[in-house]
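J.: Provided herewith: query-v6.txt, compact mmCIF, C-alpha atoms and all ligand atoms.
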```
# COMPACT_ATOMS: atom_id res chain seq x y z
CA MET A 1 0.38 34.69 -23.55
CA THR A 2 -2.55 33.99 -21.24
CA GLN A 3 -1.48 30.44 -20.41
CA GLU A 4 2.08 31.67 -19.97
CA ILE A 5 1.13 34.19 -17.33
CA TRP A 6 -1.19 31.71 -15.56
CA THR A 7 1.67 29.22 -15.39
CA ALA A 8 4.16 31.86 -14.24
CA THR A 9 1.75 33.00 -11.54
CA ASP A 10 1.28 29.41 -10.34
CA GLU A 11 5.09 29.18 -10.12
CA TYR A 12 5.12 32.42 -8.13
CA ILE A 13 2.51 31.01 -5.72
CA ASN A 14 4.41 27.74 -5.41
CA ARG A 15 7.55 29.59 -4.34
CA PHE A 16 5.66 30.83 -1.27
CA PHE A 17 3.35 28.00 -0.38
CA VAL A 18 4.34 24.79 -2.12
CA PRO A 19 8.02 24.04 -1.60
CA SER A 20 9.45 21.28 -3.72
CA ASP A 21 9.28 17.88 -2.17
CA ALA A 22 11.22 14.76 -3.09
CA ALA A 23 8.36 12.25 -3.06
CA LEU A 24 5.92 14.52 -4.91
CA ASP A 25 8.55 15.47 -7.50
CA ALA A 26 9.36 11.80 -7.97
CA ALA A 27 5.66 11.00 -8.42
CA LEU A 28 5.42 13.58 -11.21
CA ALA A 29 8.65 12.44 -12.85
CA SER A 30 7.73 8.75 -12.82
CA SER A 31 4.20 9.51 -14.09
CA ALA A 32 5.67 11.48 -16.98
CA SER A 33 8.27 8.87 -17.88
CA ALA A 34 5.60 6.15 -17.80
CA GLY A 35 3.62 8.21 -20.31
CA LEU A 36 0.67 8.98 -18.04
CA PRO A 37 -1.42 12.00 -19.05
CA ASN A 38 -0.25 15.20 -17.39
CA ILE A 39 -3.60 15.92 -15.74
CA GLN A 40 -2.96 15.53 -12.02
CA VAL A 41 -4.01 18.40 -9.78
CA SER A 42 -1.58 21.30 -9.75
CA PRO A 43 0.81 21.61 -6.80
CA ALA A 44 -1.25 24.45 -5.33
CA GLN A 45 -4.45 22.41 -5.74
CA GLY A 46 -2.75 19.45 -4.10
CA LYS A 47 -1.90 21.66 -1.15
CA MET A 48 -5.50 22.88 -1.08
CA LEU A 49 -6.75 19.28 -0.87
CA HIS A 50 -4.25 18.69 1.92
CA ILE A 51 -5.48 21.71 3.85
CA LEU A 52 -9.14 20.77 3.37
CA ALA A 53 -8.42 17.30 4.74
CA ARG A 54 -6.81 18.87 7.79
CA LEU A 55 -9.68 21.33 8.25
CA VAL A 56 -12.26 18.55 8.40
CA GLY A 57 -9.94 16.46 10.58
CA ALA A 58 -10.15 13.68 8.01
CA ARG A 59 -9.22 10.21 9.23
CA ASN A 60 -10.80 8.32 6.35
CA ILE A 61 -10.55 9.63 2.78
CA LEU A 62 -11.92 8.25 -0.49
CA GLU A 63 -10.57 9.18 -3.91
CA LEU A 64 -11.94 8.23 -7.32
CA GLY A 65 -9.17 8.34 -9.93
CA ALA A 66 -5.60 7.84 -8.67
CA LEU A 67 -3.62 8.39 -11.88
CA GLY A 68 0.05 8.34 -10.75
CA GLY A 69 -0.81 8.96 -7.12
CA TYR A 70 -0.04 12.68 -6.93
CA SER A 71 -3.28 13.94 -5.35
CA GLY A 72 -3.45 10.87 -3.12
CA ILE A 73 -0.04 11.61 -1.62
CA TRP A 74 -1.13 15.18 -0.85
CA MET A 75 -4.31 14.04 0.92
CA ALA A 76 -2.77 11.06 2.70
CA ARG A 77 -0.13 13.32 4.22
CA ALA A 78 -2.89 15.23 6.00
CA LEU A 79 -4.08 12.12 7.83
CA PRO A 80 -3.36 11.55 11.52
CA PRO A 81 -1.62 8.34 12.61
CA GLY A 82 -3.91 5.43 11.78
CA GLY A 83 -5.75 7.41 9.10
CA LYS A 84 -6.55 5.77 5.75
CA LEU A 85 -7.01 6.77 2.14
CA LEU A 86 -8.82 4.44 -0.24
CA THR A 87 -8.40 5.20 -3.93
CA LEU A 88 -10.21 3.55 -6.85
CA GLU A 89 -8.45 3.38 -10.20
CA ALA A 90 -9.54 1.66 -13.41
CA SER A 91 -6.21 1.55 -15.24
CA GLU A 92 -3.77 -1.19 -14.34
CA LYS A 93 -0.89 0.85 -15.68
CA HIS A 94 -1.85 3.94 -13.66
CA ALA A 95 -2.32 1.77 -10.57
CA GLU A 96 1.16 0.34 -10.93
CA VAL A 97 2.74 3.79 -11.17
CA ALA A 98 0.62 5.09 -8.28
CA ASN A 99 1.51 2.19 -5.99
CA ALA A 100 5.23 2.71 -6.65
CA ASN A 101 4.80 6.40 -5.83
CA TYR A 102 2.89 5.67 -2.62
CA ALA A 103 5.68 3.33 -1.57
CA ARG A 104 8.35 5.91 -2.33
CA ALA A 105 6.41 8.44 -0.24
CA GLY A 106 6.31 5.98 2.67
CA LEU A 107 2.51 5.73 2.40
CA ASN A 108 2.13 2.03 1.61
CA ASP A 109 0.33 1.35 4.87
CA VAL A 110 -1.85 4.44 4.61
CA ILE A 111 -3.12 4.26 1.03
CA GLU A 112 -5.07 1.34 -0.35
CA LEU A 113 -5.57 1.30 -4.12
CA ARG A 114 -8.31 -0.87 -5.57
CA LEU A 115 -8.13 -1.65 -9.25
CA GLY A 116 -11.38 -1.46 -11.16
CA LYS A 117 -14.08 0.85 -12.39
CA ALA A 118 -15.33 3.02 -9.56
CA LEU A 119 -18.98 2.15 -10.23
CA ASP A 120 -18.13 -1.56 -9.89
CA LEU A 121 -16.10 -1.05 -6.71
CA LEU A 122 -18.30 1.42 -4.83
CA PRO A 123 -21.05 -1.10 -3.96
CA GLN A 124 -18.36 -3.32 -2.38
CA VAL A 125 -16.91 -0.39 -0.46
CA ALA A 126 -20.39 0.33 0.91
CA ALA A 127 -21.14 -3.33 1.69
CA GLU A 128 -17.89 -3.57 3.66
CA ARG A 129 -18.91 -0.51 5.67
CA ARG A 130 -15.55 1.01 4.77
CA GLY A 131 -17.11 4.46 5.26
CA PRO A 132 -18.19 6.93 6.33
CA PHE A 133 -15.49 8.97 4.65
CA ASP A 134 -14.64 12.40 6.02
CA MET A 135 -13.46 13.63 2.64
CA ILE A 136 -14.15 12.36 -0.86
CA PHE A 137 -12.32 13.54 -3.99
CA LEU A 138 -14.15 12.86 -7.25
CA ASP A 139 -11.54 12.87 -10.01
CA ALA A 140 -12.15 9.85 -12.26
CA ASN A 141 -14.02 9.89 -15.59
CA LYS A 142 -16.56 12.69 -15.87
CA SER A 143 -19.40 10.83 -17.62
CA ASP A 144 -20.37 9.05 -14.37
CA MET A 145 -20.14 12.14 -12.15
CA PRO A 146 -23.84 12.12 -11.12
CA GLU A 147 -23.56 8.51 -9.94
CA TYR A 148 -20.26 9.27 -8.18
CA PHE A 149 -21.96 12.10 -6.35
CA ASP A 150 -24.78 9.80 -5.18
CA TRP A 151 -22.26 7.29 -3.86
CA ALA A 152 -20.22 10.01 -2.22
CA VAL A 153 -23.20 11.26 -0.22
CA LYS A 154 -24.14 7.71 0.70
CA LEU A 155 -20.61 7.11 1.98
CA SER A 156 -20.45 10.40 3.93
CA ARG A 157 -21.48 11.68 7.33
CA ARG A 158 -22.71 15.08 8.42
CA GLY A 159 -19.71 17.39 8.03
CA SER A 160 -17.96 15.42 5.31
CA VAL A 161 -16.54 17.37 2.41
CA ILE A 162 -16.81 16.27 -1.22
CA VAL A 163 -14.51 17.91 -3.77
CA ALA A 164 -15.02 17.38 -7.49
CA ASP A 165 -12.42 18.29 -10.11
CA ASN A 166 -12.91 19.62 -13.64
CA SER A 167 -16.69 19.98 -13.82
CA ILE A 168 -16.93 22.89 -16.25
CA SER A 169 -14.98 21.37 -19.15
CA ARG A 170 -13.51 24.73 -20.11
CA GLY A 171 -16.97 26.19 -20.52
CA ARG A 172 -18.27 23.35 -22.68
CA VAL A 173 -20.65 22.55 -19.82
CA LEU A 174 -22.80 25.45 -21.05
CA ASP A 175 -23.70 23.50 -24.20
CA ALA A 176 -26.92 21.61 -23.50
CA ASN A 177 -26.68 19.92 -26.89
CA SER A 178 -23.16 18.61 -26.47
CA ASP A 179 -22.77 14.99 -27.59
CA ASP A 180 -19.73 14.55 -25.33
CA PRO A 181 -20.64 12.11 -22.52
CA ASP A 182 -18.20 13.87 -20.18
CA VAL A 183 -19.93 17.20 -20.75
CA GLN A 184 -23.34 15.61 -20.25
CA GLY A 185 -22.05 13.89 -17.11
CA CYS A 186 -20.94 17.22 -15.70
CA ARG A 187 -24.24 18.87 -16.64
CA ARG A 188 -26.25 16.15 -14.85
CA PHE A 189 -23.84 16.33 -11.92
CA HIS A 190 -24.54 20.03 -11.41
CA GLU A 191 -28.30 19.51 -11.68
CA ARG A 192 -28.22 16.66 -9.19
CA VAL A 193 -26.01 18.43 -6.63
CA ALA A 194 -28.09 21.59 -6.82
CA ALA A 195 -31.32 19.68 -6.23
CA ASP A 196 -29.99 17.69 -3.27
CA LYS A 197 -31.11 19.12 0.06
CA ARG A 198 -28.58 16.98 1.94
CA VAL A 199 -25.68 19.10 0.69
CA SER A 200 -24.58 22.68 0.23
CA ALA A 201 -22.34 23.32 -2.75
CA THR A 202 -20.44 25.90 -4.70
CA GLU A 203 -17.99 25.83 -7.57
CA ILE A 204 -14.91 27.97 -8.13
CA GLN A 205 -13.39 28.53 -11.55
CA THR A 206 -9.62 28.50 -11.61
CA VAL A 207 -6.79 29.43 -13.95
CA GLY A 208 -3.24 28.22 -13.59
CA VAL A 209 -0.82 25.68 -14.92
CA LYS A 210 -3.78 23.47 -16.01
CA GLY A 211 -5.45 26.25 -17.94
CA TRP A 212 -9.06 27.18 -17.22
CA ASP A 213 -10.64 24.73 -14.82
CA SER A 214 -12.84 24.47 -11.73
CA PHE A 215 -13.39 22.64 -8.51
CA THR A 216 -16.70 21.96 -6.84
CA LEU A 217 -16.84 22.15 -3.05
CA ILE A 218 -19.70 20.26 -1.41
CA ALA A 219 -20.51 20.14 2.30
CA VAL A 220 -22.60 17.20 3.47
CA LEU A 221 -25.23 18.52 5.88
CA THR A 222 -26.90 15.30 7.02
CA ASP A 223 -25.98 11.79 8.06
CA PRO A 224 -26.94 9.14 5.50
CA SER A 225 -30.43 7.75 6.06
N1 LIG A 301 -6.54 12.39 -8.97
C1 LIG A 301 -5.38 12.33 -9.87
C2 LIG A 301 -5.80 12.53 -11.31
C3 LIG A 301 -6.82 11.55 -11.81
S1 LIG A 301 -6.94 11.54 -13.59
C4 LIG A 301 -4.40 13.40 -9.44
O1 LIG A 301 -4.84 14.56 -9.36
O2 LIG A 301 -3.23 13.10 -9.21
C5 LIG A 301 -8.31 10.47 -13.79
C6 LIG A 301 -8.01 9.02 -13.45
O3 LIG A 301 -9.28 8.33 -13.40
C7 LIG A 301 -7.16 8.27 -14.46
O4 LIG A 301 -6.09 7.63 -13.83
C8 LIG A 301 -8.11 7.24 -15.07
O5 LIG A 301 -7.49 6.00 -15.40
C9 LIG A 301 -9.10 7.04 -13.93
N2 LIG A 301 -10.41 6.52 -14.34
C10 LIG A 301 -11.06 6.72 -15.51
N3 LIG A 301 -12.24 6.10 -15.51
C11 LIG A 301 -12.35 5.48 -14.30
C12 LIG A 301 -13.34 4.68 -13.69
N4 LIG A 301 -14.48 4.37 -14.32
N5 LIG A 301 -13.12 4.23 -12.43
C13 LIG A 301 -11.97 4.53 -11.78
N6 LIG A 301 -11.00 5.30 -12.32
C14 LIG A 301 -11.17 5.75 -13.55
C1 LIG A 302 -8.38 16.60 -17.61
C2 LIG A 302 -8.00 17.16 -16.41
C3 LIG A 302 -8.29 16.51 -15.21
O1 LIG A 302 -7.94 17.05 -14.01
C4 LIG A 302 -8.96 15.31 -15.21
O2 LIG A 302 -9.24 14.74 -14.01
C5 LIG A 302 -9.36 14.73 -16.40
C6 LIG A 302 -9.06 15.37 -17.61
C7 LIG A 302 -8.05 17.28 -18.86
O3 LIG A 302 -7.51 18.39 -18.80
O4 LIG A 302 -8.32 16.73 -19.92
MG MG A 303 -8.94 16.11 -12.42
```
Would you mind writing the file out in structure tokens?

T.:
Amino acid sequence: MTQEIWTATDEYINRFFVPSDAALDAALASSASAGLPNIQVSPAQGKMLHILARLVGARNILELGALGGYSGIWMARALPPGGKLLTLEASEKHAEVANANYARAGLNDVIELRLGKALDLLPQVAAERRGPFDMIFLDANKSDMPEYFDWAVKLSRRGSVIVADNSISRGRVLDANSDDPDVQGCRRFHERVAADKRVSATEIQTVGVKGWDSFTLIAVLTDPS
């Protein structure tokens, strides 16, 4: 009953603010038929990422965790001409689906997907001076969240926004004794963000089509030293 009404209310919201869209619908359909997990951001969250990118005037966006490309398409569509989105994805299968979806959305020249584990790729991204990124979306595995946060700040500028998905693990984050590495990753992530004077952060719990979830919103206050 609860999930039903959350889903129905998301559908109600979508009817106002998130009209159906051929490329995004195709991205969801092809992800599903390829057997990818159904864990992409919700349509309304995708629109929120899009709006945030516009609000910060993002020209250069970094994403960790592409899956089938759904969130990437939402963010890339907020970019001005010449803007770029770099996304890091560890799964070859997910990367293949995502690249096909970027192409179908006409975003081949805007989105660059690099295949590999984010922690292996991020040092290269930094060495290439591919940053600073105006917006960074942390949505890969949760066990490395504290390290992803460190990299995100390093690759930011004053005024960048960092968004992190799914950091409360449906309340499991309260369990200090959890033996789940994802839960422990999220716990250390919160401790690290809270202690970092270079950023100001909050976290909003959400309900909707994905159940009970959250997103963390982090403003970078200083240029990297
Ligand atoms: N951002 C996507 C959802 C990402 S799901 C969307 O909303 O549309 C998480 C993704 O992170 C999966 O595709 C998974 O393969 C990828 N992933 C898991 N571990 C990773 C790692 N170490 N480095 C990069 N990507 C990883
Ligand atoms: C789940 C959801 C996500 O958005 C994600 O990035 C990873 C996992 C989940 O519901 O399991
Ligand atoms: Mg997520």

J.: In Å, how far is it from atom CA of Ile168 of chain A to atom CA of Ser200 of chain A?

T.: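 Between these atoms lies a distance of 18.2 Å.
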
J.: A:Ala105, A:Met145, A:Val153, A:Ala140: which is nearest ligand LIG 301 (chain A), counting all atoms listed in the file?

T.: A:Ala140

J.: Tell me which of A:Leu115, A:Val97, A:Ala219, A:Leu64 sits closest to ligand MG 303 (chain A), counting only C-alpha atoms and all ligand atoms.

T.: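 Checking each candidate against ligand MG 303 (chain A), we get A:Leu64 as the closest.
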
J.: How many Å separate atom CA of Val183 of chain A from atom CA of Ala95 of chain A?

T.: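 It comes out at 25.5 Å.
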
J.: Distance atom CA of Arg158 of chain A-atom CA of Asp139 of chain A, one decimal place?

T.: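 Atom CA of Asp139 of chain A lies 21.7 Å from atom CA of Arg158 of chain A.
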
J.: List all protein, DNA and RNA residues that have any atom at most 7 Å from ligand LIG 301 (chain A), counting all atoms listed in the file, and write the list as a PyMOL selection string.

T.: chain A and resi 39-41+64-72+88-91+94+116-119+139-141
